[in-house]
Amino acid sequence: MQTESSSHHRNLEALDFLSLVQGINQEDALLHARVASEASHIAALCELVFSRLQAGGRLFYMGAGTSGRLGIVDASECPPTYGVPFDKVIGIIAGGDGAIRKAVEFAEDDWDQGILDLEEFGVNEKDVVIGIAASGRTPYVIGALRACRERGIATGGVVCNKESQMRAVCDVCVEVETGPEFVTGSTRMKAGTATKMVLNMITTSVMIRLGHVKDNKMIDMQLTNHKLIARGTTMVMDETGLSEAEAKSRLLSAGSVRKAVDQWRFEQQG
């Protein structure tokens with residue numbers, strides 16, 4: 001596996017901070033082109049996810065360690081950003097929620113636990129399950145995806161090695177070959193960054209197609225802080241021509257930009 005191969009950089013402990021930072025940035029700079037080379041597979045995975053969510057299904061992310069945490073981050077950001085229910089996009093990590101902060105020994109090596117974790121959420125044929133693994137061979141993830149396919153549940157994968165083991169159990173597999181890490185085997189670095197890029201593309205693209213974005217605005221975002229209320233107020237003002245005070249009042253009363261604008265338009269038609 002390229003992700004486990006030796007770093008191209010040597011004697012790191014002898015380098016000053018500027019050299020270390022430049023070396024890390026040099027490796028990160030390779031990712032744009034490598035993610036771009038998988039654009040068609042990423043788009044195909046978006047189509048698969050969109051088809052399930054549009055029909056009322058859910059998206060599950062499954063991973064261990066850094067991969068599991070990245071899935072949880074992406075899932076947890078969908079409700080506040082796009083106003084979808086908290087059970088629409090779900091992140092699951094090997095070892096349970098405690099593993100988000102503290103590694104659980106050997107949790108990723110359990111072939112059977114992944115599907116058991118999915119069963120707690122009542123996973124079914126309406127859903128889609130995306131496995132995330134830098135190596136592309138994590139037993140926890142592969143076991144879950146294999147069980148899902150046997151049950152007719154759509155599967156996808158995001159990995160950082162070509163011709164991975166995970167490909168065989170995925171309907172669509174994105175394989176971004178990130179190559180050796182700056183620190184050998186530290187896949188929280190380039191592999192983690194590339195994975196985050198791909199997950200961003202998937203949920204952002206799907207949520208746009210599901211109608212949670214108008215033009216380039218997050219019209220269903222949750223109003224959870226003053227910054228977002230101010231942003232939403234500006235959106236309402238732009239759509240309606242109302243004063244800031246009136247737009248803010250309508251926004252807070254309606255609970256979202258979409259509802260505030262729709263109510264205003266209904267009133268204008270009346």
# chains A, B, ... in the order shown; residues from 1 in each chain; ligands from 1

$ residues_around --residues "segment 141-149 of chain A" --least-positions-apart "6" --cutoff "9 Å" --atoms "only C-alpha atoms" --output "tab-separated table (two decimals) with N, CA and C atoms, in the first residue's frame"
chain	number	residue	atom	x	y	z
A	62	MET	N	-19.00	4.82	7.56
A	62	MET	CA	-18.40	3.86	8.49
A	62	MET	C	-16.88	3.92	8.37
A	63	GLY	N	-16.20	3.98	9.51
A	63	GLY	CA	-14.74	4.00	9.47
A	63	GLY	C	-14.15	3.73	10.83
A	64	ALA	N	-12.84	3.58	10.86
A	64	ALA	CA	-12.11	3.39	12.11
A	64	ALA	C	-11.05	4.47	12.24
A	94	ALA	N	-15.64	2.67	14.51
A	94	ALA	CA	-15.30	1.42	15.19
A	94	ALA	C	-14.93	1.70	16.64
A	108	GLU	N	-10.94	-1.88	15.00
A	108	GLU	CA	-11.00	-1.90	13.53
A	108	GLU	C	-10.78	-3.30	12.95
A	110	ASP	N	-12.32	-6.08	13.86
A	110	ASP	CA	-13.49	-6.94	14.05
A	110	ASP	C	-14.32	-6.96	12.77
A	111	TRP	N	-14.38	-8.12	12.12
A	111	TRP	CA	-15.10	-8.26	10.85
A	111	TRP	C	-16.62	-8.19	11.01
A	112	ASP	N	-17.12	-8.50	12.18
A	112	ASP	CA	-18.57	-8.65	12.38
A	112	ASP	C	-19.24	-7.46	13.05
A	113	GLN	N	-18.48	-6.62	13.74
A	113	GLN	CA	-19.10	-5.57	14.54
A	113	GLN	C	-19.74	-4.47	13.70
A	114	GLY	N	-19.21	-4.21	12.53
A	114	GLY	CA	-19.71	-3.12	11.70
A	114	GLY	C	-21.18	-3.26	11.37
A	115	ILE	N	-21.59	-4.43	10.92
A	115	ILE	CA	-22.99	-4.61	10.56
A	115	ILE	C	-23.87	-4.59	11.81
A	116	LEU	N	-23.34	-5.04	12.94
A	116	LEU	CA	-24.10	-4.96	14.19
A	116	LEU	C	-24.35	-3.51	14.58
A	117	ASP	N	-23.34	-2.67	14.37
A	117	ASP	CA	-23.50	-1.24	14.67
A	117	ASP	C	-24.54	-0.61	13.74
A	118	LEU	N	-24.55	-1.03	12.48
A	118	LEU	CA	-25.54	-0.52	11.53
A	118	LEU	C	-26.95	-0.98	11.89
A	123	VAL	N	-30.62	-0.20	9.63
A	123	VAL	CA	-30.22	-0.03	8.24
A	123	VAL	C	-31.03	-0.95	7.34
A	124	ASN	N	-31.42	-0.44	6.16
A	124	ASN	CA	-32.25	-1.23	5.25
A	124	ASN	C	-31.97	-0.86	3.79
A	125	GLU	N	-32.74	-1.46	2.88
A	125	GLU	CA	-32.49	-1.32	1.45
A	125	GLU	C	-32.68	0.10	0.93
A	128	VAL	N	-27.90	3.99	2.02
A	128	VAL	CA	-26.62	3.77	1.36
A	128	VAL	C	-25.54	3.87	2.44
A	129	VAL	N	-24.57	2.97	2.38
A	129	VAL	CA	-23.50	2.92	3.38
A	129	VAL	C	-22.17	3.15	2.67
A	130	ILE	N	-21.43	4.15	3.11
A	130	ILE	CA	-20.11	4.46	2.55
A	130	ILE	C	-19.04	4.10	3.56
A	131	GLY	N	-18.17	3.19	3.18
A	131	GLY	CA	-17.03	2.84	4.02
A	131	GLY	C	-15.87	3.77	3.74
A	132	ILE	N	-15.18	4.19	4.79
A	132	ILE	CA	-14.03	5.09	4.67
A	132	ILE	C	-12.83	4.39	5.28
A	133	ALA	N	-11.77	4.24	4.51
A	133	ALA	CA	-10.56	3.60	5.02
A	133	ALA	C	-9.37	4.00	4.16
A	155	THR	N	-23.77	0.35	-1.48
A	155	THR	CA	-22.51	0.59	-0.79
A	155	THR	C	-21.57	1.44	-1.62
A	156	GLY	N	-20.77	2.23	-0.92
A	156	GLY	CA	-19.74	3.03	-1.56
A	156	GLY	C	-18.49	2.99	-0.72
A	157	GLY	N	-17.39	3.48	-1.28
A	157	GLY	CA	-16.14	3.50	-0.54
A	157	GLY	C	-15.31	4.72	-0.87
A	165	GLN	N	-8.82	-3.59	-1.44
A	165	GLN	CA	-9.71	-4.70	-1.11
A	165	GLN	C	-11.15	-4.23	-1.01
A	166	MET	N	-11.35	-3.00	-0.63
A	166	MET	CA	-12.70	-2.50	-0.43
A	166	MET	C	-13.47	-2.38	-1.73
A	168	ALA	N	-14.03	-4.42	-3.97
A	168	ALA	CA	-14.83	-5.62	-4.27
A	168	ALA	C	-16.18	-5.63	-3.58
A	169	VAL	N	-16.34	-4.82	-2.54
A	169	VAL	CA	-17.62	-4.82	-1.80
A	169	VAL	C	-18.36	-3.49	-1.93
A	170	CYS	N	-17.98	-2.69	-2.93
A	170	CYS	CA	-18.61	-1.39	-3.13
A	170	CYS	C	-19.28	-1.30	-4.50
A	171	ASP	N	-20.45	-0.71	-4.54
A	171	ASP	CA	-21.07	-0.40	-5.83
A	171	ASP	C	-20.27	0.68	-6.55

$ residues_around --residues "Ser67 of chain A" --least-positions-apart "5" --cutoff "12 Å" --atoms "only C-alpha atoms" --output "ChimeraX atom specification"
/A:61-62,72-74,91-94,99-100,108,130-136,138,140-141,157-160,187-189,191-196,198-199

$ atom_distance --atom1 "atom CA of Glu150 of chain A" --atom2 "atom CA of Ala55 of chain A"
20.9 Å
